[in-house]
Structure formats: C-alpha cells, structure tokens
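Colleague: First the structure, which I've put down as structure tokens, then a few questions once you've had a look.
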Amino acid sequence: MSIATVSRVMHGNYYVSPQICDRVRKVVNDLGYLPDSGAAALKSKTRYMIGYLVSDISNHQFTIISRTIENAIEGEGYSLVVCSNNSQKQRELDCLKALLSQRIDGLIINTSGQNDEYITEISEYLPMVLLYRRINTERFKGDFVGSDNHAGGAMLAETLVAKGHHSIGVISGDTGINTFAERMQGFIQRLSQSNVKILKKHIKYGDYTEDGGYAMAEELLDGKHSITALCVLNNAMAAGAYEYIRAKNIGIPNDISVVSFGDIRNEKLFFVRPTFVSQYPHVVGNRAAELLLSRIKSPALAPREEIVPVCLIPGASESFASRAECVDDGSPAHLTFSQAADNNN
C-alpha cells in the first residue's frame, strides 16, 4: 500500500474504497499513530491554534469564557492556548512573545492595560479580539467584546438606594482601566440622582484578586467606618470580601448589605445568596470566538465592537438600612466620578 493512499485515507481528500480505508485505520489504531500538526502547519501556513490571554485565569468569569471559546472553535479544528498575565506588564509581554513564537492564528486578550502600544502593533498582522478592556487608539485593527458596565454599576446603586442606604463603601479596581471607570461612572451617577453621599474614605482600590478584596473589606469594615452597605465592582474581589465578612462573623444582610459586579462561583452554595450583576460570560465567550474566527477568514474586516447587556441577579445579601448613617467628618460629602478617579491609589 502506497504512502499516497494512506495520506488520502487520513485526510479524506480523495476517494478510497471502504475496504482499504478499514485496513489503513486498523493499522493506524494498532500503531497509535498521531498526525504531525507541526508538519501540517508548515504546508498550510495555519497552526489552528488560538491564544487566550487574560488577567487571571482562576477568575470564575474567565474560566467560563475559556471553556465557551474552546467549545466554539473546536468545530473549526482550532485548539486554545491559555495564558494568564496576572495584571503584570512584564508577565503579559512574556506571554505575548511565547504565543507569537507558537505562530498562533489569532488572539483573544484581556489586557493588563500596560502594553497597549505593543498589542496595537501586533493587531496590524494578527487577528485579535479585545475582551472587556479597551485599547484607546484608532490604530488598533481588531475587535472588542465587552459588557454594559455603566448600566451594571447603575443597577447596583439602584438596589442600594431602593433599600434606603446612604452610607456606602465601594471596592473598585484601577479606574484608569475602562471596565472600572464605566462601572464607577454608572454607580456614582445613579447615587447622585438620589442625592446619596459617598465619602472619599469609603472608596478603596484593590488588585482584582480575592486577597485584594479581603484586604479592602478589612479596611472598610474594621470598625472605623460606619457604612451600611458594600459594593464590590469585581467578582474575584467580591469573593475575598465575603471571606473577610464570614471570618469576622459579620452578619449579611443584617449587619452589612453586599452587592457586586460579575458572576460569582458557586453562588448557589452560599448560606446567603449574593446579589450581583451577571455579565453573561457564555454569551461573551461565544461572541469573542465568532468575531475572531470571522477575522481569521477575512483579516481586512473593519474593527467591530459588541457590548453584551448585563442583568441584576437578585439574592438575599442586601436589606433595608437599619443602622444610623455616618456623619460628615469633613471628607468630600459627594464625590463625582472624576474626583473618585483622581483619588485612585
């Protein structure tokens, strides 16, 4: 039997009689043969590999998106290579260079916000989709998929305002990044409409991790601040805040009401179901995969943007304010978004 006949059976690109096909496949199975994808790539100039680079792959949101993307691309013969930049500039650069060395066919990236120029240059020749975080330059050639952060922030504020809360603590991320800027804008603007005060000292800025959420919750709930409600603008930090609250035996929602942004892992197992804004990660993942696959096929497509709606998932982690509201201690009584951004540490 010739090499050409075996090749035709393996690739299915020419007719071979069923009897010969069965003989070839039996030998292949007996030998445990696997095709050389590297050799195939040299011939086709396609590796059928897509990179997925995010700030924290352990984050429940990104894990769901990863699985969704993988399911969406496997039908087209692609594999997913996953990396995490840990929100660090050099780590992100190292990951990008490693992925490029593998000659990936496309990239879905949630950037650290610190390598925009380099990522923009890559987008000139590599099909790319930005996930959640923008790159503010017209030279970027790829696509963007994000959530309606402004609406989500407003939903969280509306929930607390409706329950009579006026002394509210906030755990945010760097408002130099569009996701947190938009969430803070929506949150503060909705509070402003109800003349709700938010003090400068009641806004803390974490590092997008559970440990960061734990530390910021400790700063806000250590007895020095008389807040009645806590809003956390990131799901990983929300998990850390819940951990601190449980460790200190603070009652939810009787002692403190808590709301947060982003889907929370295993929320159904909580003794008190959390109230949070869902970003529909399955929808986000599917759209990111679809946009990237279409850009791989048609690299000259104009940049596209998709904003996925969010939804408030009601729980039992917030109740009507029952404790005395805090007294103005000379701190700014009502922060605008620009003031909050200026105070970002």
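The way I read the labels, and the way they are meant: chains A, B, ... in the order of the structure tokens, residue 1 as the first residue of every chain, and ligand 1 as the first ligand shown, with later ones counted on from there.
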Using 10 Å as the limit and counting only C-alpha atoms, can you tabulate each residue of stretch 158-272 of chain A that touches stretch 83-99 of chain A, with its shortest atom-to-atom distance in Å and the two atoms involved, as CSV?

Modeller:
residue,atom,partner,partner_atom,distance
A:Asp207,CA,A:Ser87,CA,8.4
A:Tyr208,CA,A:Ser87,CA,8.6
A:Thr209,CA,A:Asn86,CA,9.4

Colleague: Could the residues in this selection be saved with N, CA, C and O atoms as a PDB file, in the first residue's frame?

Modeller:
ATOM      1  N   ASP A 207      -6.739  44.966  43.837  1.00  0.00           N
ATOM      2  CA  ASP A 207      -5.903  44.476  42.731  1.00  0.00           C
ATOM      3  C   ASP A 207      -6.576  43.349  41.944  1.00  0.00           C
ATOM      4  O   ASP A 207      -5.900  42.528  41.335  1.00  0.00           O
ATOM      5  N   TYR A 208      -7.914  43.274  41.974  1.00  0.00           N
ATOM      6  CA  TYR A 208      -8.700  42.323  41.162  1.00  0.00           C
ATOM      7  C   TYR A 208      -8.589  40.877  41.645  1.00  0.00           C
ATOM      8  O   TYR A 208      -8.988  39.958  40.936  1.00  0.00           O
ATOM      9  N   THR A 209      -8.059  40.657  42.842  1.00  0.00           N
ATOM     10  CA  THR A 209      -7.897  39.295  43.354  1.00  0.00           C
ATOM     11  C   THR A 209      -8.731  39.102  44.624  1.00  0.00           C
ATOM     12  O   THR A 209      -9.172  40.073  45.244  1.00  0.00           O
TER      13      THR A 209
END

Colleague: With only C-alpha atoms as the counted atoms, please give the residues lying no more than 6 Å from stretch 114-126 of chain A, apart from itself and same-chain residues fewer than 5 positions off, as an MDAnalysis selection string.

Modeller: chainID A and resid 89 106 140:141

Colleague: Can you write out as CSV which residues of stretch 244-302 of chain A fall within 12 Å of stretch 159-165 of chain A, alongside each residue's closest atom pair and its distance in Å to one decimal, counting only C-alpha atoms and ordering rows by chain and ascending residue number?

Modeller:
residue,atom,partner,partner_atom,distance
A:Pro253,CA,A:Lys163,CA,11.3
A:Ile256,CA,A:His165,CA,10.4
A:Ser257,CA,A:Leu160,CA,8.2
A:Val258,CA,A:Leu160,CA,8.9
A:Val259,CA,A:Leu160,CA,8.2
A:Ser260,CA,A:Thr159,CA,10.7
A:Thr275,CA,A:Thr159,CA,9.2
A:Phe276,CA,A:Thr159,CA,10.0
A:Val277,CA,A:Thr159,CA,10.8

Colleague: Can I get the selected residues back with N, CA and C atoms, as a PDB file, in the first residue's frame?

Modeller:
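Listing of result_26.pdb after writing:
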ATOM      1  N   PRO A 253     -27.673  39.942  55.622  1.00  0.00           N
ATOM      2  CA  PRO A 253     -27.565  41.386  55.371  1.00  0.00           C
ATOM      3  C   PRO A 253     -27.847  42.239  56.609  1.00  0.00           C
ATOM      4  N   ILE A 256     -24.442  44.160  57.418  1.00  0.00           N
ATOM      5  CA  ILE A 256     -23.940  44.838  56.220  1.00  0.00           C
ATOM      6  C   ILE A 256     -24.627  44.241  54.990  1.00  0.00           C
ATOM      7  N   SER A 257     -25.065  45.111  54.093  1.00  0.00           N
ATOM      8  CA  SER A 257     -25.599  44.654  52.806  1.00  0.00           C
ATOM      9  C   SER A 257     -24.456  44.621  51.801  1.00  0.00           C
ATOM     10  N   VAL A 258     -24.461  43.630  50.919  1.00  0.00           N
ATOM     11  CA  VAL A 258     -23.374  43.475  49.944  1.00  0.00           C
ATOM     12  C   VAL A 258     -23.954  43.216  48.551  1.00  0.00           C
ATOM     13  N   VAL A 259     -23.464  43.971  47.581  1.00  0.00           N
ATOM     14  CA  VAL A 259     -23.788  43.724  46.174  1.00  0.00           C
ATOM     15  C   VAL A 259     -22.481  43.776  45.396  1.00  0.00           C
ATOM     16  N   SER A 260     -22.465  43.140  44.224  1.00  0.00           N
ATOM     17  CA  SER A 260     -21.192  43.085  43.491  1.00  0.00           C
ATOM     18  C   SER A 260     -21.417  42.965  41.991  1.00  0.00           C
ATOM     19  N   THR A 275     -26.335  39.020  45.822  1.00  0.00           N
ATOM     20  CA  THR A 275     -26.935  39.837  44.761  1.00  0.00           C
ATOM     21  C   THR A 275     -25.794  40.370  43.912  1.00  0.00           C
ATOM     22  N   PHE A 276     -25.840  40.115  42.600  1.00  0.00           N
ATOM     23  CA  PHE A 276     -24.743  40.540  41.742  1.00  0.00           C
ATOM     24  C   PHE A 276     -25.236  40.822  40.332  1.00  0.00           C
ATOM     25  N   VAL A 277     -24.400  41.521  39.580  1.00  0.00           N
ATOM     26  CA  VAL A 277     -24.667  41.774  38.171  1.00  0.00           C
ATOM     27  C   VAL A 277     -23.980  40.691  37.352  1.00  0.00           C
TER      28      VAL A 277
END

Colleague: Figure out the distance between atom CA of A:Asn149 and atom CA of A:Tyr132, please, to one decimal in Å.

Modeller: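 About the pair atom CA of A:Tyr132 and atom CA of A:Asn149: they are 9.4 Å apart.
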
Colleague: For atom CA of A:Gly240 and atom CA of A:Asn59, quote the distance in Å rounded to one decimal.

Modeller: 11.9 Å

Colleague: Quick one: of A:Pro281, A:Gly315, A:Gly113, A:Gly173, who's nearest to A:Arg134, counting only C-alpha atoms?

Modeller: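 Under the stated criterion, the closest residue is A:Gly113.
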
Colleague: So, counting only C-alpha atoms, which residue among A:Cys21, A:Ala288, A:Leu156, A:Ala215 is closest to A:Ile69?

Modeller: A:Ala288

Colleague: List every residue of stretch 38-245 of chain A that DSSP, applied to the backbone, labels as strand (DSSP E or B), and write the result as a ChimeraX atom specification.

Modeller: /A:49-54,79-84,106-109,128-131,143-147,168-172,198,203-205,229-232

Colleague: Smallest atom-to-atom distance to A:Ile203: which of A:His225, A:Arg190, A:Arg133, A:His60, using only C-alpha atoms?

Modeller: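 The shortest atom-to-atom distance to A:Ile203 comes from A:His225.
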
Colleague: Which residues come within 7 Å of A:Ala316, counting only C-alpha atoms, excluding same-chain residues fewer than 5 positions away, as a ChimeraX atom specification?

Modeller: /A:272-275

Colleague: Those same residues, written as a PDB file, in the first residue's frame with all heavy atoms?

Modeller:
ATOM      1  N   VAL A 272     -26.140  32.718  52.330  1.00  0.00           N
ATOM      2  CA  VAL A 272     -26.948  33.860  51.912  1.00  0.00           C
ATOM      3  C   VAL A 272     -26.636  34.101  50.442  1.00  0.00           C
ATOM      4  O   VAL A 272     -25.502  34.404  50.082  1.00  0.00           O
ATOM      5  CB  VAL A 272     -26.609  35.123  52.735  1.00  0.00           C
ATOM      6  CG1 VAL A 272     -27.426  36.314  52.226  1.00  0.00           C
ATOM      7  CG2 VAL A 272     -26.882  34.880  54.214  1.00  0.00           C
ATOM      8  N   ARG A 273     -27.634  33.940  49.602  1.00  0.00           N
ATOM      9  CA  ARG A 273     -27.412  34.087  48.166  1.00  0.00           C
ATOM     10  C   ARG A 273     -26.989  35.511  47.838  1.00  0.00           C
ATOM     11  O   ARG A 273     -27.671  36.471  48.209  1.00  0.00           O
ATOM     12  CB  ARG A 273     -28.679  33.737  47.386  1.00  0.00           C
ATOM     13  CG  ARG A 273     -29.042  32.267  47.391  1.00  0.00           C
ATOM     14  CD  ARG A 273     -28.181  31.458  46.430  1.00  0.00           C
ATOM     15  NE  ARG A 273     -28.405  31.855  45.068  1.00  0.00           N
ATOM     16  CZ  ARG A 273     -29.375  31.378  44.298  1.00  0.00           C
ATOM     17  NH1 ARG A 273     -30.237  30.489  44.787  1.00  0.00           N
ATOM     18  NH2 ARG A 273     -29.506  31.776  43.053  1.00  0.00           N
ATOM     19  N   PRO A 274     -25.875  35.698  47.137  1.00  0.00           N
ATOM     20  CA  PRO A 274     -25.407  37.050  46.825  1.00  0.00           C
ATOM     21  C   PRO A 274     -26.235  37.716  45.733  1.00  0.00           C
ATOM     22  O   PRO A 274     -26.756  37.045  44.836  1.00  0.00           O
ATOM     23  CB  PRO A 274     -23.967  36.819  46.351  1.00  0.00           C
ATOM     24  CG  PRO A 274     -23.980  35.422  45.805  1.00  0.00           C
ATOM     25  CD  PRO A 274     -24.947  34.662  46.664  1.00  0.00           C
ATOM     26  N   THR A 275     -26.335  39.020  45.822  1.00  0.00           N
ATOM     27  CA  THR A 275     -26.935  39.837  44.761  1.00  0.00           C
ATOM     28  C   THR A 275     -25.794  40.370  43.912  1.00  0.00           C
ATOM     29  O   THR A 275     -24.860  40.999  44.423  1.00  0.00           O
ATOM     30  CB  THR A 275     -27.741  40.997  45.355  1.00  0.00           C
ATOM     31  OG1 THR A 275     -28.862  40.470  46.067  1.00  0.00           O
ATOM     32  CG2 THR A 275     -28.237  41.931  44.263  1.00  0.00           C
TER      33      THR A 275
END

Colleague: Using only C-alpha atoms, can you tell me which of A:Glu76, A:Asp56, A:Leu107, A:Ala238 comes closest to A:Gly206?

Modeller: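 So, comparing all the options, the nearest one is A:Ala238.
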
Colleague: Between atom CA of A:Gly262 and atom CA of A:Thr137, what is the distance in Å, rounded to a tenth?

Modeller: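 Computing the Euclidean distance for atom CA of A:Gly262 and atom CA of A:Thr137 yields 26.7 Å.
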
Colleague: Would you give me, as a PyMOL selection string, the residues in stretch 42-101 of chain A that DSSP reads as alpha helix (DSSP H)?

Modeller: chain A and resi 42-44+60-74+89-101

Colleague: Please produce an output containing N, CA and C atoms for each residue in the selection, written as a PDB file, in the first residue's frame.

Modeller:
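In the end it all went to out.pdb:
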ATOM      1  N   LEU A  42       3.394  23.668   8.481  1.00  0.00           N
ATOM      2  CA  LEU A  42       4.395  24.171   7.536  1.00  0.00           C
ATOM      3  C   LEU A  42       3.847  24.172   6.121  1.00  0.00           C
ATOM      4  N   LYS A  43       3.012  23.215   5.816  1.00  0.00           N
ATOM      5  CA  LYS A  43       2.451  23.124   4.475  1.00  0.00           C
ATOM      6  C   LYS A  43       1.291  24.100   4.278  1.00  0.00           C
ATOM      7  N   SER A  44       0.422  24.194   5.290  1.00  0.00           N
ATOM      8  CA  SER A  44      -0.777  25.018   5.133  1.00  0.00           C
ATOM      9  C   SER A  44      -0.604  26.450   5.624  1.00  0.00           C
ATOM     10  N   HIS A  60     -13.455  33.083  37.989  1.00  0.00           N
ATOM     11  CA  HIS A  60     -14.586  32.292  37.506  1.00  0.00           C
ATOM     12  C   HIS A  60     -15.091  32.779  36.155  1.00  0.00           C
ATOM     13  N   GLN A  61     -15.129  34.094  35.980  1.00  0.00           N
ATOM     14  CA  GLN A  61     -15.610  34.688  34.732  1.00  0.00           C
ATOM     15  C   GLN A  61     -14.772  34.219  33.548  1.00  0.00           C
ATOM     16  N   PHE A  62     -13.459  34.296  33.679  1.00  0.00           N
ATOM     17  CA  PHE A  62     -12.568  33.949  32.575  1.00  0.00           C
ATOM     18  C   PHE A  62     -12.516  32.443  32.334  1.00  0.00           C
ATOM     19  N   THR A  63     -12.736  31.661  33.381  1.00  0.00           N
ATOM     20  CA  THR A  63     -12.773  30.208  33.210  1.00  0.00           C
ATOM     21  C   THR A  63     -13.969  29.798  32.359  1.00  0.00           C
ATOM     22  N   ILE A  64     -15.128  30.389  32.641  1.00  0.00           N
ATOM     23  CA  ILE A  64     -16.323  30.093  31.846  1.00  0.00           C
ATOM     24  C   ILE A  64     -16.112  30.516  30.395  1.00  0.00           C
ATOM     25  N   ILE A  65     -15.562  31.705  30.203  1.00  0.00           N
ATOM     26  CA  ILE A  65     -15.329  32.207  28.844  1.00  0.00           C
ATOM     27  C   ILE A  65     -14.354  31.299  28.097  1.00  0.00           C
ATOM     28  N   SER A  66     -13.309  30.843  28.784  1.00  0.00           N
ATOM     29  CA  SER A  66     -12.332  29.952  28.175  1.00  0.00           C
ATOM     30  C   SER A  66     -12.993  28.687  27.653  1.00  0.00           C
ATOM     31  N   ARG A  67     -13.825  28.072  28.486  1.00  0.00           N
ATOM     32  CA  ARG A  67     -14.496  26.833  28.082  1.00  0.00           C
ATOM     33  C   ARG A  67     -15.461  27.082  26.920  1.00  0.00           C
ATOM     34  N   THR A  68     -16.140  28.230  26.953  1.00  0.00           N
ATOM     35  CA  THR A  68     -17.079  28.569  25.891  1.00  0.00           C
ATOM     36  C   THR A  68     -16.356  28.778  24.566  1.00  0.00           C
ATOM     37  N   ILE A  69     -15.235  29.486  24.607  1.00  0.00           N
ATOM     38  CA  ILE A  69     -14.443  29.715  23.392  1.00  0.00           C
ATOM     39  C   ILE A  69     -13.947  28.386  22.839  1.00  0.00           C
ATOM     40  N   GLU A  70     -13.448  27.535  23.726  1.00  0.00           N
ATOM     41  CA  GLU A  70     -12.923  26.237  23.305  1.00  0.00           C
ATOM     42  C   GLU A  70     -13.989  25.416  22.582  1.00  0.00           C
ATOM     43  N   ASN A  71     -15.201  25.426  23.151  1.00  0.00           N
ATOM     44  CA  ASN A  71     -16.295  24.695  22.515  1.00  0.00           C
ATOM     45  C   ASN A  71     -16.659  25.286  21.158  1.00  0.00           C
ATOM     46  N   ALA A  72     -16.566  26.611  21.045  1.00  0.00           N
ATOM     47  CA  ALA A  72     -16.961  27.289  19.811  1.00  0.00           C
ATOM     48  C   ALA A  72     -15.962  27.073  18.679  1.00  0.00           C
ATOM     49  N   ILE A  73     -14.673  26.948  19.004  1.00  0.00           N
ATOM     50  CA  ILE A  73     -13.653  26.879  17.953  1.00  0.00           C
ATOM     51  C   ILE A  73     -13.283  25.450  17.556  1.00  0.00           C
ATOM     52  N   GLU A  74     -13.616  24.480  18.406  1.00  0.00           N
ATOM     53  CA  GLU A  74     -13.177  23.117  18.097  1.00  0.00           C
ATOM     54  C   GLU A  74     -13.842  22.570  16.833  1.00  0.00           C
ATOM     55  N   LYS A  89       2.779  43.881  33.725  1.00  0.00           N
ATOM     56  CA  LYS A  89       3.271  44.309  32.415  1.00  0.00           C
ATOM     57  C   LYS A  89       4.247  43.304  31.813  1.00  0.00           C
ATOM     58  N   GLN A  90       5.288  42.939  32.571  1.00  0.00           N
ATOM     59  CA  GLN A  90       6.310  42.048  32.025  1.00  0.00           C
ATOM     60  C   GLN A  90       5.763  40.651  31.798  1.00  0.00           C
ATOM     61  N   ARG A  91       4.930  40.191  32.699  1.00  0.00           N
ATOM     62  CA  ARG A  91       4.317  38.871  32.533  1.00  0.00           C
ATOM     63  C   ARG A  91       3.489  38.831  31.251  1.00  0.00           C
ATOM     64  N   GLU A  92       2.763  39.914  30.981  1.00  0.00           N
ATOM     65  CA  GLU A  92       1.959  39.969  29.764  1.00  0.00           C
ATOM     66  C   GLU A  92       2.848  39.963  28.522  1.00  0.00           C
ATOM     67  N   LEU A  93       3.939  40.719  28.561  1.00  0.00           N
ATOM     68  CA  LEU A  93       4.870  40.729  27.426  1.00  0.00           C
ATOM     69  C   LEU A  93       5.443  39.338  27.177  1.00  0.00           C
ATOM     70  N   ASP A  94       5.831  38.655  28.250  1.00  0.00           N
ATOM     71  CA  ASP A  94       6.385  37.308  28.119  1.00  0.00           C
ATOM     72  C   ASP A  94       5.354  36.352  27.504  1.00  0.00           C
ATOM     73  N   CYS A  95       4.110  36.460  27.960  1.00  0.00           N
ATOM     74  CA  CYS A  95       3.051  35.591  27.425  1.00  0.00           C
ATOM     75  C   CYS A  95       2.804  35.876  25.952  1.00  0.00           C
ATOM     76  N   LEU A  96       2.773  37.157  25.587  1.00  0.00           N
ATOM     77  CA  LEU A  96       2.542  37.526  24.187  1.00  0.00           C
ATOM     78  C   LEU A  96       3.646  36.968  23.291  1.00  0.00           C
ATOM     79  N   LYS A  97       4.890  37.106  23.724  1.00  0.00           N
ATOM     80  CA  LYS A  97       6.006  36.617  22.922  1.00  0.00           C
ATOM     81  C   LYS A  97       5.983  35.095  22.802  1.00  0.00           C
ATOM     82  N   ALA A  98       5.588  34.422  23.892  1.00  0.00           N
ATOM     83  CA  ALA A  98       5.501  32.964  23.851  1.00  0.00           C
ATOM     84  C   ALA A  98       4.407  32.516  22.882  1.00  0.00           C
ATOM     85  N   LEU A  99       3.271  33.197  22.903  1.00  0.00           N
ATOM     86  CA  LEU A  99       2.179  32.848  21.997  1.00  0.00           C
ATOM     87  C   LEU A  99       2.556  33.123  20.549  1.00  0.00           C
ATOM     88  N   LEU A 100       3.213  34.244  20.309  1.00  0.00           N
ATOM     89  CA  LEU A 100       3.619  34.574  18.941  1.00  0.00           C
ATOM     90  C   LEU A 100       4.653  33.580  18.424  1.00  0.00           C
ATOM     91  N   SER A 101       5.505  33.077  19.323  1.00  0.00           N
ATOM     92  CA  SER A 101       6.511  32.098  18.899  1.00  0.00           C
ATOM     93  C   SER A 101       5.855  30.791  18.465  1.00  0.00           C
TER      94      SER A 101
END
